[in-house]
Amino acid sequence: MLTPPKLFVGLILAALLVVTGGAQQTEYDLVLANGRVMDPFTKLDAVRHVGILAGKIAAVSEKPLAGRDVLDVAGKVVSPGFIDLHAHGQTVGDMQIKAQDGVTTVLDLEAGVYPVAPWYKSMEGKAPLNYGATVGHIAARFAAFHPELILGHWPVHRAKAAALGASPAGANKVATDKEMQLMETAITQGLAEGGLGVGFGINYTPAATPSEIERIFKIAAENKVPAFVHTRAFGIAAIREAIDTAKKTGASLHVVHIGSSAISDMPEVLRLLDEQRATGMDLTTEVYPYTAASTTLESAMFDPGWQSNLKIDYGDLAWAATGERLTQETFSRYRKQGGWVIIYMMKDENVEKAIAHPGIMIASDGVPFVDGTGHPRGAGTFARVLGRYSREKKLLSLMDALSKMTILPAQRLEAYVPSMRLKGRLSLGADADITVFDPGLVIDKATFEAPTTPSFGIPHVLVGGVFVVRAGELRTEVRPGRPIRTK
Ligand SMILES: [Zn+2]
């Protein structure tokens, strides 16, 4: 359980006190009154009044509280803000769309960034939501092969990588000892600068040999941080490879987007994950609630052999900008041009199994929206799980759904990221990152035709006690987001 930090207790004592009938009562900055408080950390599910003071949760009370601002949220669920461990859209616009989906913290743990310190500096004071990233193996690898190229956060600045063409050395050349050492130095430096673990997209760097991956996993293990991995290929064999490497090196492992990583092997993959977890392995995963994936067409994922790897063909790909299905001819043309594609590759029954499976987190894998195009998962993931998969399909309880979006992702990080111990819960002393939604109405509205349409039924979202969404209105001017880093 949490004990309020000393500074916080001081703030409460110093707070404005109101004298009412001889008794002193704290006046909170904000009171969310009469809501149904659901805290997956303590399993509390009851009508309570939540008092917020200096950006923290200062009271969760059965009795009404006094506040400078009192908002009646009767009939609504008051939940910890959602934590998205897989958010490539680290721009103001992407974050504002995600805020309307109930998200308060966006982390890119798969692609990550390199170099780390300048990226955090570039985000300071500019973010509506809390933000953070791992040190990314892809970007560190490109830096080793293309010293003139600083990828930074490449999903947002992907034009720099795209300019290298469809088969750049950073993705397609086996590393020499010198390049290997450059990479190891880069990863070590990124962790020293506060990176949230090591991110891998092995499928995007096919020339990274198993021994290279093992050497980088070792750095993660030595630093007691997890490896967040998009596996070398799709299906159970590649997931096994990642598990074996983690066990050999002692690294903790998080396999990203299990829906697209496992595809039709989902039942066997879920069994494998459960078996490994039962042996005590620190192994987690996440899923997004869609049957289509999305990535860049120029990436190594579409090097020759992609049809057998993904078990699909040209017609299963759609050009995100127009929605048109591809042919051999348009595939070649667009691959030279570079840009986002939608990949129809999963079965609903397999995605549903992962969403309902105990312990599997919800994470969007939302890619940056460019000119309003992209994949709807960046806008609708969380409301979609709450509305479609919990309320309508009854695949999991509301509390379990919330747990997958709040406390589980917080706990994935909190052993080595102290600030995450104050997130993902609605307990005394926790950060006032709060999402208020209507359990009967919450639903995603984003589609493949209109992917940036905000979700519906989430009237209030607070980050550090500041409204980013209030009464259904996005507050475009606020920037309460803080960095999440290990130090
Ligand atoms: Zn991925």
# chains A, B, ... in the order shown; residues from 1 in each chain; ligands from 1
$ residues_around --residues "Leu396 (chain A)" --least-positions-apart "6" --cutoff "10 Å" --atoms "only C-alpha atoms" --output "tab-separated table (two decimals) with N, CA, C and O atoms, in the first residue's frame"
chain	number	residue	atom	x	y	z
A	352	GLU	N	-9.82	-11.61	-29.26
A	352	GLU	CA	-10.71	-11.69	-28.09
A	352	GLU	C	-10.10	-12.54	-26.98
A	352	GLU	O	-10.19	-12.21	-25.80
A	355	ILE	N	-7.53	-10.43	-25.20
A	355	ILE	CA	-8.13	-9.34	-24.39
A	355	ILE	C	-8.67	-9.91	-23.08
A	355	ILE	O	-8.51	-9.32	-22.01
A	356	ALA	N	-9.30	-11.08	-23.16
A	356	ALA	CA	-9.94	-11.65	-21.97
A	356	ALA	C	-8.94	-12.37	-21.06
A	356	ALA	O	-9.24	-12.64	-19.90
A	357	HIS	N	-7.75	-12.68	-21.58
A	357	HIS	CA	-6.81	-13.53	-20.83
A	357	HIS	C	-6.24	-12.79	-19.61
A	357	HIS	O	-5.78	-11.66	-19.73
A	358	PRO	N	-6.25	-13.43	-18.44
A	358	PRO	CA	-5.75	-12.77	-17.23
A	358	PRO	C	-4.30	-12.31	-17.40
A	358	PRO	O	-3.47	-13.03	-17.95
A	385	VAL	N	-12.19	-1.34	-25.72
A	385	VAL	CA	-12.15	-2.47	-24.78
A	385	VAL	C	-13.28	-2.33	-23.76
A	385	VAL	O	-13.99	-3.30	-23.46
A	386	LEU	N	-13.47	-1.11	-23.22
A	386	LEU	CA	-14.51	-0.91	-22.21
A	386	LEU	C	-15.91	-1.10	-22.80
A	386	LEU	O	-16.76	-1.75	-22.19
A	389	TYR	N	-15.76	-4.78	-25.80
A	389	TYR	CA	-15.34	-6.10	-25.32
A	389	TYR	C	-15.80	-6.39	-23.88
A	389	TYR	O	-16.08	-7.53	-23.55
A	390	SER	N	-15.91	-5.34	-23.05
A	390	SER	CA	-16.41	-5.58	-21.69
A	390	SER	C	-17.93	-5.44	-21.64
A	390	SER	O	-18.64	-6.39	-21.31
A	402	LEU	N	-10.30	-2.49	-16.51
A	402	LEU	CA	-9.59	-1.33	-15.96
A	402	LEU	C	-8.22	-1.73	-15.42
A	402	LEU	O	-7.23	-1.01	-15.58
$ residues_near_ligand --ligand "ligand 1" --cutoff "7 Å" --atoms "only C-alpha atoms and all ligand atoms" --output "list of chain:residue names"
A:Glu110, A:Gly201, A:His230, A:Val256, A:His257
$ select_by_dssp --residues "region 205-369 of chain A" --states "helix (DSSP H, G or I)" --output "ChimeraX atom specification"
/A:210-222,236-249,258-278,300-302,306-310,314-316,328-337,348-356
$ atom_distance --atom1 "CA of Pro115 (chain A)" --atom2 "CA of Ile216 (chain A)"
16.0 Å
$ residues_around --residues "region 290-307 of chain A" --least-positions-apart "6" --cutoff "7 Å" --atoms "only C-alpha atoms" --output "mmCIF file with N, CA and C atoms, in the first residue's frame"
data_model
loop_
_atom_site.group_PDB
_atom_site.id
_atom_site.type_symbol
_atom_site.label_atom_id
_atom_site.label_comp_id
_atom_site.auth_asym_id
_atom_site.auth_seq_id
_atom_site.Cartn_x
_atom_site.Cartn_y
_atom_site.Cartn_z
ATOM 1 N N ALA A 162 13.325 6.728 -43.829
ATOM 2 C CA ALA A 162 12.780 6.402 -45.152
ATOM 3 C C ALA A 162 13.716 6.894 -46.254
ATOM 4 N N ALA A 166 14.742 1.406 -49.193
ATOM 5 C CA ALA A 166 14.020 0.256 -48.648
ATOM 6 C C ALA A 166 14.929 -0.763 -47.968
ATOM 7 N N SER A 167 16.254 -0.663 -48.166
ATOM 8 C CA SER A 167 17.120 -1.694 -47.598
ATOM 9 C C SER A 167 18.361 -1.071 -46.962
ATOM 10 N N ALA A 171 19.265 -1.664 -41.034
ATOM 11 C CA ALA A 171 18.310 -2.761 -40.884
ATOM 12 C C ALA A 171 18.854 -4.057 -41.465
ATOM 13 N N ASN A 203 11.970 -7.533 -36.118
ATOM 14 C CA ASN A 203 11.435 -7.720 -37.462
ATOM 15 C C ASN A 203 11.843 -6.576 -38.399
ATOM 16 N N TYR A 204 12.141 -5.411 -37.822
ATOM 17 C CA TYR A 204 12.532 -4.238 -38.610
ATOM 18 C C TYR A 204 14.043 -4.166 -38.835
ATOM 19 N N THR A 205 14.792 -5.038 -38.146
ATOM 20 C CA THR A 205 16.249 -5.080 -38.299
ATOM 21 C C THR A 205 16.661 -6.528 -38.527
ATOM 22 N N SER A 260 -0.954 -9.334 -32.992
ATOM 23 C CA SER A 260 -0.273 -9.444 -34.277
ATOM 24 C C SER A 260 0.986 -10.302 -34.169
ATOM 25 N N ASP A 313 -1.386 -11.642 -48.332
ATOM 26 C CA ASP A 313 -0.934 -11.277 -49.679
ATOM 27 C C ASP A 313 -1.228 -9.797 -49.942
ATOM 28 N N ARG A 335 5.973 1.417 -51.872
ATOM 29 C CA ARG A 335 7.121 1.054 -51.035
ATOM 30 C C ARG A 335 8.299 1.996 -51.323
ATOM 31 N N LYS A 336 8.445 2.379 -52.602
ATOM 32 C CA LYS A 336 9.501 3.351 -52.943
ATOM 33 C C LYS A 336 9.198 4.702 -52.321
ATOM 34 N N GLY A 338 7.192 5.309 -49.641
ATOM 35 C CA GLY A 338 7.205 5.216 -48.172
ATOM 36 C C GLY A 338 5.944 5.785 -47.553
ATOM 37 N N GLY A 339 5.423 5.082 -46.549
ATOM 38 C CA GLY A 339 4.218 5.561 -45.850
ATOM 39 C C GLY A 339 3.533 4.423 -45.106
ATOM 40 N N TRP A 340 2.449 4.765 -44.403
ATOM 41 C CA TRP A 340 1.782 3.795 -43.533
ATOM 42 C C TRP A 340 0.819 2.898 -44.299
ATOM 43 N N VAL A 341 0.807 1.622 -43.947
ATOM 44 C CA VAL A 341 -0.186 0.689 -44.492
ATOM 45 C C VAL A 341 -0.965 0.041 -43.349
ATOM 46 N N ILE A 342 -2.197 -0.357 -43.677
ATOM 47 C CA ILE A 342 -3.022 -1.140 -42.757
ATOM 48 C C ILE A 342 -2.912 -2.594 -43.220
ATOM 49 N N ILE A 343 -2.716 -3.507 -42.254
ATOM 50 C CA ILE A 343 -2.460 -4.911 -42.599
ATOM 51 C C ILE A 343 -3.568 -5.776 -41.987
ATOM 52 N N TYR A 344 -4.413 -6.349 -42.840
ATOM 53 C CA TYR A 344 -5.512 -7.200 -42.344
ATOM 54 C C TYR A 344 -4.961 -8.611 -42.166
ATOM 55 N N MET A 345 -4.682 -8.973 -40.910
ATOM 56 C CA MET A 345 -3.928 -10.213 -40.668
ATOM 57 C C MET A 345 -4.367 -11.025 -39.455
ATOM 58 N N MET A 346 -5.368 -10.528 -38.676
ATOM 59 C CA MET A 346 -5.726 -11.249 -37.447
ATOM 60 C C MET A 346 -7.188 -11.706 -37.483
ATOM 61 N N LYS A 347 -7.494 -12.708 -36.652
ATOM 62 C CA LYS A 347 -8.881 -13.171 -36.517
ATOM 63 C C LYS A 347 -9.446 -12.645 -35.208
ATOM 64 N N ASP A 348 -10.705 -12.211 -35.244
ATOM 65 C CA ASP A 348 -11.333 -11.643 -34.048
ATOM 66 C C ASP A 348 -11.262 -12.612 -32.859
ATOM 67 N N VAL A 351 -7.926 -12.330 -31.137
ATOM 68 C CA VAL A 351 -7.765 -11.050 -30.428
ATOM 69 C C VAL A 351 -8.615 -11.075 -29.155
ATOM 70 N N HIS A 375 -4.150 4.484 -38.197
ATOM 71 C CA HIS A 375 -4.899 3.322 -37.694
ATOM 72 C C HIS A 375 -5.746 3.783 -36.509
#
$ residues_around --residues "Val269 (chain A)" --least-positions-apart "2" --cutoff "10 Å" --atoms "only C-alpha atoms" --output "list in words"
Gly235, Ile236, Ala237, Ile239, Arg240, Ile258, Ser261, Ala262, Ile263, Ser264, Asp265, Met266, Pro267, Arg271, Leu272, Leu273, Asp274, Glu275 and Ala354 of chain A
$ closest_residue --among "A:Glu184, A:Glu62, A:Glu414, A:Glu449" --to "Gly372 (chain A)" --atoms "only C-alpha atoms"
A:Glu449
$ decode --residues "region 331-347 of chain A" --atoms "N, CA and C atoms" --output "PDB file, in the first residue's frame"
ATOM      1  N   PHE A 331       1.989  -1.884 -54.629  1.00  0.00           N
ATOM      2  CA  PHE A 331       2.896  -2.217 -53.524  1.00  0.00           C
ATOM      3  C   PHE A 331       4.301  -1.680 -53.833  1.00  0.00           C
ATOM      4  N   SER A 332       4.821  -1.975 -55.035  1.00  0.00           N
ATOM      5  CA  SER A 332       6.176  -1.546 -55.408  1.00  0.00           C
ATOM      6  C   SER A 332       6.260  -0.027 -55.439  1.00  0.00           C
ATOM      7  N   ARG A 333       5.237   0.594 -55.995  1.00  0.00           N
ATOM      8  CA  ARG A 333       5.256   2.061 -56.127  1.00  0.00           C
ATOM      9  C   ARG A 333       5.238   2.731 -54.746  1.00  0.00           C
ATOM     10  N   TYR A 334       4.304   2.303 -53.891  1.00  0.00           N
ATOM     11  CA  TYR A 334       4.189   2.938 -52.571  1.00  0.00           C
ATOM     12  C   TYR A 334       5.376   2.602 -51.670  1.00  0.00           C
ATOM     13  N   ARG A 335       5.973   1.417 -51.872  1.00  0.00           N
ATOM     14  CA  ARG A 335       7.121   1.054 -51.035  1.00  0.00           C
ATOM     15  C   ARG A 335       8.299   1.996 -51.323  1.00  0.00           C
ATOM     16  N   LYS A 336       8.445   2.379 -52.602  1.00  0.00           N
ATOM     17  CA  LYS A 336       9.501   3.351 -52.943  1.00  0.00           C
ATOM     18  C   LYS A 336       9.198   4.702 -52.321  1.00  0.00           C
ATOM     19  N   GLN A 337       7.916   5.074 -52.349  1.00  0.00           N
ATOM     20  CA  GLN A 337       7.498   6.380 -51.813  1.00  0.00           C
ATOM     21  C   GLN A 337       7.586   6.397 -50.281  1.00  0.00           C
ATOM     22  N   GLY A 338       7.192   5.309 -49.641  1.00  0.00           N
ATOM     23  CA  GLY A 338       7.205   5.216 -48.172  1.00  0.00           C
ATOM     24  C   GLY A 338       5.944   5.785 -47.553  1.00  0.00           C
ATOM     25  N   GLY A 339       5.423   5.082 -46.549  1.00  0.00           N
ATOM     26  CA  GLY A 339       4.218   5.561 -45.850  1.00  0.00           C
ATOM     27  C   GLY A 339       3.533   4.423 -45.106  1.00  0.00           C
ATOM     28  N   TRP A 340       2.449   4.765 -44.403  1.00  0.00           N
ATOM     29  CA  TRP A 340       1.782   3.795 -43.533  1.00  0.00           C
ATOM     30  C   TRP A 340       0.819   2.898 -44.299  1.00  0.00           C
ATOM     31  N   VAL A 341       0.807   1.622 -43.947  1.00  0.00           N
ATOM     32  CA  VAL A 341      -0.186   0.689 -44.492  1.00  0.00           C
ATOM     33  C   VAL A 341      -0.965   0.041 -43.349  1.00  0.00           C
ATOM     34  N   ILE A 342      -2.197  -0.357 -43.677  1.00  0.00           N
ATOM     35  CA  ILE A 342      -3.022  -1.140 -42.757  1.00  0.00           C
ATOM     36  C   ILE A 342      -2.912  -2.594 -43.220  1.00  0.00           C
ATOM     37  N   ILE A 343      -2.716  -3.507 -42.254  1.00  0.00           N
ATOM     38  CA  ILE A 343      -2.460  -4.911 -42.599  1.00  0.00           C
ATOM     39  C   ILE A 343      -3.568  -5.776 -41.987  1.00  0.00           C
ATOM     40  N   TYR A 344      -4.413  -6.349 -42.840  1.00  0.00           N
ATOM     41  CA  TYR A 344      -5.512  -7.200 -42.344  1.00  0.00           C
ATOM     42  C   TYR A 344      -4.961  -8.611 -42.166  1.00  0.00           C
ATOM     43  N   MET A 345      -4.682  -8.973 -40.910  1.00  0.00           N
ATOM     44  CA  MET A 345      -3.928 -10.213 -40.668  1.00  0.00           C
ATOM     45  C   MET A 345      -4.367 -11.025 -39.455  1.00  0.00           C
ATOM     46  N   MET A 346      -5.368 -10.528 -38.676  1.00  0.00           N
ATOM     47  CA  MET A 346      -5.726 -11.249 -37.447  1.00  0.00           C
ATOM     48  C   MET A 346      -7.188 -11.706 -37.483  1.00  0.00           C
ATOM     49  N   LYS A 347      -7.494 -12.708 -36.652  1.00  0.00           N
ATOM     50  CA  LYS A 347      -8.881 -13.171 -36.517  1.00  0.00           C
ATOM     51  C   LYS A 347      -9.446 -12.645 -35.208  1.00  0.00           C
TER      52      LYS A 347
END
